[in-house]
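What follows is one structure encoded as structure tokens, with my remarks underneath.
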2 protein chains.
Amino acid sequence: MNLVTEQAVTSSDKTFFQLRKDIVEGQILPASKLSEAELAKRYTVSRAVVREAINRLVTCHLVERRANVGARVVALGPEGLVSLYQVRESLEGMAARLAAVNMSDDEIADLQSLLASHLQTVQSGDTYYQEAGDVDFHYRIILGSKNDHLISMLLEGIYHLIRMYRVQLGMAGPRVTTAFDEHKSIVQAISNRDGELAEILMRRHILYTRNNLEKKLVQQAV
Amino acid sequence: MNLVTEQAVTSSDKTFFQLRKDIVEGQILPASKLSEAELAKRYTVSRAVVREAINRLVTCHLVERRANVGARVVALGPEGLVSLYQVRESLEGMAARLAAVNMSDDEIADLQSLLASHLQTVQSGDTYYQEAGDVDFHYRIILGSKNDHLISMLLEGIYHLIRMYRVQLGMAGPRVTTAFDEHKSIVQAISNRDGELAEILMRRHILYTRNNLEKKLVQQAV
DNA sequence: AATGCCATTATTGTCGACAATATTGCGAAA
DNA sequence: TTTCGCAATATTGTCGACAATAATGGCATT
């Protein structure tokens, strides 16, 4: 299966994608139980395909399963968010380092033009596509690492969990202009083929994002 | 399921562990096909449990599956080893950083005594337990990070793949005394609660190990 | 009234059979 | 002879039913 254009070929794939979507987007609430029989009825498939879909969700760390008891959607806590961002900082920092070495000149040019279009968006005050743009930016660098292990861990593992947090905490993400400057310097480092700097900047960028999220989390708790 | 003391409760668990063992230890060769029917006969279980076991192996990146075609044990190449070690360097560096903050004083004391016992082993010229000792060292630091995502990625993901490589390349691992000194300085940084240094040293340590493996790989190719 | 035990019930784990898809090998046409 | 297409075969995907295990509730005992 391709990592980016995930296309569902089997019935189990579709159920998996559907369930993942429902969980990440909050249709199915955290800590809720996933009954195999019930889901089988809901999606009009056999219990076997639901089972397989659930197993895949387990490997994404989106649900947890106990033998002979059942599967529950993970419960999100502040510690979970922190630990997730620690892993993300580590992996995506390495991705930036590798991207600086492994991206082609064309890919870097594309990345720069993406950045330019983001600048336009920011200046026009349009905030709607901001998150999508941010995701696009990070995706390109991750893919630019050309490291399959890294790519799959980030794109089919961590990123869905992070999206789930974002939806759950109801944050479309502020920090637009400052984040843009950070993106800009990362691209600069990559186009200079300076992997070490790219890694440092990417890690800082993610750390700032995390701090920002935690701040919001505290506000929300009050 | 506990991450360290993995105990098989279900039939599918046992089959999974058995298959993983057979693959990692080379009983089942890389790039060989995993026929569901054949394995079901071999282990005297139903095809469903074999299927589930194979799916779990897929998530460990030990086998690859294509829809309607089947599953094959991954083929190991030099690039794969490099990309694996890049991920390991990144994650385990972060683990060391976190361990410096999150390990208890008792755990650090245990780590130091482990190091002392390793010194004894090295001085006595005994090389047999060297690899086990090395694994034990790294495990403690990984667990010391107290980050569940990090722990599961490393211990139930990457480490089995690395073991597979080691077995496949037939290297019990040299570099005993130098590696010991590196371990020593890492422990020093951790007991000083210096996370930043611990991360740098761990990353260097893993990079050296990788360079050493690559050298062996080239020698073998000649 | 509270607690511990046992039967009941519901849910998950396992199985064998059938359906759908990919591979293989044969034969026909260029 | 080579290549294309089709039929035969083998393997995977899906299904419903049964077995095993855990959660539930009532009953008896203290």
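Residue numbering restarts at 1 in every chain; chains get A, B, ... in the order shown in the structure tokens, and ligands count up from 1 in that same order.
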message: Using only C-alpha atoms (C1' of nucleotides), I'd like every residue of chain A that has an atom within 12 Å of chain C; please write them out as a list in words.
response: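 Taken together, these residues fit the definition: Val9, Thr10, Ser11, Lys33, Leu34, Ser35, Glu36, Ala37, Glu38, Arg47, Ala48, Arg51, Arg65, Arg66, Ala67, Asn68, Val69, Gly70 and Ala71 of chain A.
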message: Taking 2 positions as the minimum chain separation for residues in the same chain, which residues sit within 12 Å of A:Asp22 when counting only C-alpha atoms (C1' of nucleotides)? Answer as a PyMOL selection string.
response: chain A and resi 15-20+24-30+34+39+57+62+73+160+163-164+167
Requested write-out: N, CA, C and O atoms of the selected residues, as a PDB file, in the first residue's frame:
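See result.pdb below for the written result:
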```pdb
ATOM      1  N   THR A  15     -13.254  -0.262   5.956  1.00  0.00           N
ATOM      2  CA  THR A  15     -13.721  -0.183   7.332  1.00  0.00           C
ATOM      3  C   THR A  15     -12.673   0.471   8.220  1.00  0.00           C
ATOM      4  O   THR A  15     -12.990   1.303   9.075  1.00  0.00           O
ATOM      5  N   PHE A  16     -11.433   0.100   7.988  1.00  0.00           N
ATOM      6  CA  PHE A  16     -10.337   0.698   8.761  1.00  0.00           C
ATOM      7  C   PHE A  16     -10.288   2.198   8.566  1.00  0.00           C
ATOM      8  O   PHE A  16     -10.269   2.961   9.540  1.00  0.00           O
ATOM      9  N   PHE A  17     -10.327   2.650   7.315  1.00  0.00           N
ATOM     10  CA  PHE A  17     -10.255   4.087   7.032  1.00  0.00           C
ATOM     11  C   PHE A  17     -11.447   4.813   7.636  1.00  0.00           C
ATOM     12  O   PHE A  17     -11.292   5.889   8.218  1.00  0.00           O
ATOM     13  N   GLN A  18     -12.620   4.204   7.483  1.00  0.00           N
ATOM     14  CA  GLN A  18     -13.829   4.823   8.013  1.00  0.00           C
ATOM     15  C   GLN A  18     -13.748   4.973   9.528  1.00  0.00           C
ATOM     16  O   GLN A  18     -14.009   6.042  10.083  1.00  0.00           O
ATOM     17  N   LEU A  19     -13.361   3.879  10.173  1.00  0.00           N
ATOM     18  CA  LEU A  19     -13.255   3.909  11.631  1.00  0.00           C
ATOM     19  C   LEU A  19     -12.211   4.922  12.080  1.00  0.00           C
ATOM     20  O   LEU A  19     -12.442   5.695  13.020  1.00  0.00           O
ATOM     21  N   ARG A  20     -11.097   4.927  11.400  1.00  0.00           N
ATOM     22  CA  ARG A  20     -10.043   5.861  11.777  1.00  0.00           C
ATOM     23  C   ARG A  20     -10.534   7.299  11.660  1.00  0.00           C
ATOM     24  O   ARG A  20     -10.314   8.120  12.550  1.00  0.00           O
ATOM     25  N   VAL A  24     -10.673   9.839  14.684  1.00  0.00           N
ATOM     26  CA  VAL A  24      -9.836  11.035  14.658  1.00  0.00           C
ATOM     27  C   VAL A  24     -10.689  12.298  14.674  1.00  0.00           C
ATOM     28  O   VAL A  24     -10.360  13.273  15.352  1.00  0.00           O
ATOM     29  N   GLU A  25     -11.801  12.258  13.949  1.00  0.00           N
ATOM     30  CA  GLU A  25     -12.632  13.454  13.855  1.00  0.00           C
ATOM     31  C   GLU A  25     -13.656  13.562  14.972  1.00  0.00           C
ATOM     32  O   GLU A  25     -14.512  14.441  14.949  1.00  0.00           O
ATOM     33  N   GLY A  26     -13.601  12.606  15.897  1.00  0.00           N
ATOM     34  CA  GLY A  26     -14.413  12.742  17.085  1.00  0.00           C
ATOM     35  C   GLY A  26     -15.835  12.217  16.988  1.00  0.00           C
ATOM     36  O   GLY A  26     -16.634  12.419  17.891  1.00  0.00           O
ATOM     37  N   GLN A  27     -16.166  11.551  15.878  1.00  0.00           N
ATOM     38  CA  GLN A  27     -17.494  10.938  15.779  1.00  0.00           C
ATOM     39  C   GLN A  27     -17.615   9.829  16.823  1.00  0.00           C
ATOM     40  O   GLN A  27     -18.676   9.598  17.389  1.00  0.00           O
ATOM     41  N   ILE A  28     -16.529   9.124  17.017  1.00  0.00           N
ATOM     42  CA  ILE A  28     -16.476   8.122  18.077  1.00  0.00           C
ATOM     43  C   ILE A  28     -15.600   8.689  19.180  1.00  0.00           C
ATOM     44  O   ILE A  28     -14.446   9.034  18.952  1.00  0.00           O
ATOM     45  N   LEU A  29     -16.162   8.794  20.356  1.00  0.00           N
ATOM     46  CA  LEU A  29     -15.475   9.519  21.425  1.00  0.00           C
ATOM     47  C   LEU A  29     -14.350   8.719  22.059  1.00  0.00           C
ATOM     48  O   LEU A  29     -14.392   7.482  22.076  1.00  0.00           O
ATOM     49  N   PRO A  30     -13.347   9.400  22.585  1.00  0.00           N
ATOM     50  CA  PRO A  30     -12.254   8.748  23.303  1.00  0.00           C
ATOM     51  C   PRO A  30     -12.793   7.917  24.456  1.00  0.00           C
ATOM     52  O   PRO A  30     -13.808   8.278  25.060  1.00  0.00           O
ATOM     53  N   LEU A  34     -15.442  -0.268  21.538  1.00  0.00           N
ATOM     54  CA  LEU A  34     -15.723  -0.648  20.166  1.00  0.00           C
ATOM     55  C   LEU A  34     -16.233  -2.084  20.152  1.00  0.00           C
ATOM     56  O   LEU A  34     -15.456  -3.027  20.243  1.00  0.00           O
ATOM     57  N   LEU A  39     -20.376  -2.755  15.417  1.00  0.00           N
ATOM     58  CA  LEU A  39     -19.748  -2.135  14.265  1.00  0.00           C
ATOM     59  C   LEU A  39     -20.012  -2.946  12.996  1.00  0.00           C
ATOM     60  O   LEU A  39     -20.186  -2.377  11.917  1.00  0.00           O
ATOM     61  N   LEU A  57      -6.134  -0.428  13.948  1.00  0.00           N
ATOM     62  CA  LEU A  57      -6.226   0.781  14.759  1.00  0.00           C
ATOM     63  C   LEU A  57      -5.359   0.662  16.003  1.00  0.00           C
ATOM     64  O   LEU A  57      -4.800   1.651  16.479  1.00  0.00           O
ATOM     65  N   LEU A  62      -4.371   4.168  18.171  1.00  0.00           N
ATOM     66  CA  LEU A  62      -5.623   4.912  18.291  1.00  0.00           C
ATOM     67  C   LEU A  62      -6.619   4.193  19.193  1.00  0.00           C
ATOM     68  O   LEU A  62      -7.507   4.823  19.760  1.00  0.00           O
ATOM     69  N   VAL A  73     -11.334   3.072  22.400  1.00  0.00           N
ATOM     70  CA  VAL A  73     -10.593   4.196  21.855  1.00  0.00           C
ATOM     71  C   VAL A  73      -9.702   4.753  22.961  1.00  0.00           C
ATOM     72  O   VAL A  73     -10.099   4.762  24.122  1.00  0.00           O
ATOM     73  N   HIS A 160      -1.950  10.889  12.759  1.00  0.00           N
ATOM     74  CA  HIS A 160      -3.383  10.724  13.020  1.00  0.00           C
ATOM     75  C   HIS A 160      -3.708  10.998  14.480  1.00  0.00           C
ATOM     76  O   HIS A 160      -4.725  11.614  14.800  1.00  0.00           O
ATOM     77  N   ARG A 163      -3.693  14.687  14.982  1.00  0.00           N
ATOM     78  CA  ARG A 163      -4.927  15.288  14.457  1.00  0.00           C
ATOM     79  C   ARG A 163      -6.070  15.074  15.434  1.00  0.00           C
ATOM     80  O   ARG A 163      -6.891  15.961  15.667  1.00  0.00           O
ATOM     81  N   MET A 164      -6.115  13.877  16.001  1.00  0.00           N
ATOM     82  CA  MET A 164      -7.162  13.558  16.967  1.00  0.00           C
ATOM     83  C   MET A 164      -7.115  14.519  18.147  1.00  0.00           C
ATOM     84  O   MET A 164      -8.145  15.036  18.586  1.00  0.00           O
ATOM     85  N   VAL A 167      -8.394  17.998  17.034  1.00  0.00           N
ATOM     86  CA  VAL A 167      -9.846  18.039  16.928  1.00  0.00           C
ATOM     87  C   VAL A 167     -10.467  18.040  18.323  1.00  0.00           C
ATOM     88  O   VAL A 167     -11.366  18.824  18.620  1.00  0.00           O
TER      89      VAL A 167
END
```
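Excluding B:Ile186 itself and same-chain residues fewer than 5 positions from it, the residues having an atom within 10 Å of it are Ala96, Ala100, Ile141, Phe180, Asp181, Ser191, Asn192, Asp194, Gly195, Leu197, Ala198, Glu199, Ile200, Leu201, Met202 and His205 of chain B, counting only C-alpha atoms (C1' of nucleotides).
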query: Among stretch 59-195 of chain B, which ones does DSSP place in helix (DSSP H, G or I), written as a ChimeraX atom specification?
result: /B:59,78-102,105-123,130-144,148-169,176-191,195
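Taking atom CA of A:Asn147 and atom CA of B:Asn55 as the two end points, the separation is 22.1 Å.
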- request: Compile the residues of chain B that lie within 8 Å of chain A, evaluated using only C-alpha atoms, and express the compilation as a ChimeraX atom specification.
  value: /B:1,9-10,52,59,66-67,83-84,86-87,90-91,94,147-150
- request: Select residues of chain D: the criterion is any atom within 9 Å of an atom of chain B, counting only C-alpha atoms (C1' of nucleotides); output as number ranges by chain.
  value: D: 11-13
- request: One decimal, Å: what's the distance from atom CA of A:Gly144 over to atom CA of A:Ala99, could you say?
  value: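 So the answer is 4.7 Å.
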message: Just the number, please: distance in Å from atom CA of B:Ser185 to atom CA of B:Tyr159, one decimal.
response: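 Value for the atom CA of B:Ser185-atom CA of B:Tyr159 distance: 22.6 Å.
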message: DSSP on the backbone: which residues in stretch 14-198 of chain A end up as strand (DSSP E)? Give the answer as a PyMOL selection string.
response: chain A and resi 33-34+63-66+70-73
Output file for the residues above (N, CA and C atoms, as a short mmCIF file (atom, residue, chain, number, x, y, z; two decimals), in the first residue's frame):
```cif
data_model
loop_
_atom_site.label_atom_id
_atom_site.label_comp_id
_atom_site.auth_asym_id
_atom_site.auth_seq_id
_atom_site.Cartn_x
_atom_site.Cartn_y
_atom_site.Cartn_z
N LYS A 33 -16.13 2.24 23.98
CA LYS A 33 -15.89 0.84 23.64
C LYS A 33 -16.24 0.58 22.18
N LEU A 34 -15.44 -0.27 21.54
CA LEU A 34 -15.72 -0.65 20.17
C LEU A 34 -16.23 -2.08 20.15
N VAL A 63 -6.50 2.89 19.29
CA VAL A 63 -7.34 2.14 20.22
C VAL A 63 -6.48 1.13 20.97
N GLU A 64 -6.97 0.70 22.12
CA GLU A 64 -6.27 -0.29 22.92
C GLU A 64 -7.18 -1.49 23.11
N ARG A 65 -6.58 -2.67 23.12
CA ARG A 65 -7.39 -3.89 23.21
C ARG A 65 -6.86 -4.77 24.32
N ARG A 66 -7.78 -5.35 25.08
CA ARG A 66 -7.39 -6.35 26.08
C ARG A 66 -8.01 -7.67 25.68
N GLY A 70 -12.05 -6.64 25.06
CA GLY A 70 -12.51 -5.76 24.00
C GLY A 70 -11.57 -4.61 23.73
N ALA A 71 -12.00 -3.74 22.83
CA ALA A 71 -11.17 -2.62 22.40
C ALA A 71 -11.83 -1.31 22.77
N ARG A 72 -11.06 -0.37 23.20
CA ARG A 72 -11.54 0.97 23.53
C ARG A 72 -10.71 2.00 22.80
N VAL A 73 -11.33 3.07 22.40
CA VAL A 73 -10.59 4.20 21.85
C VAL A 73 -9.70 4.75 22.96
#
```
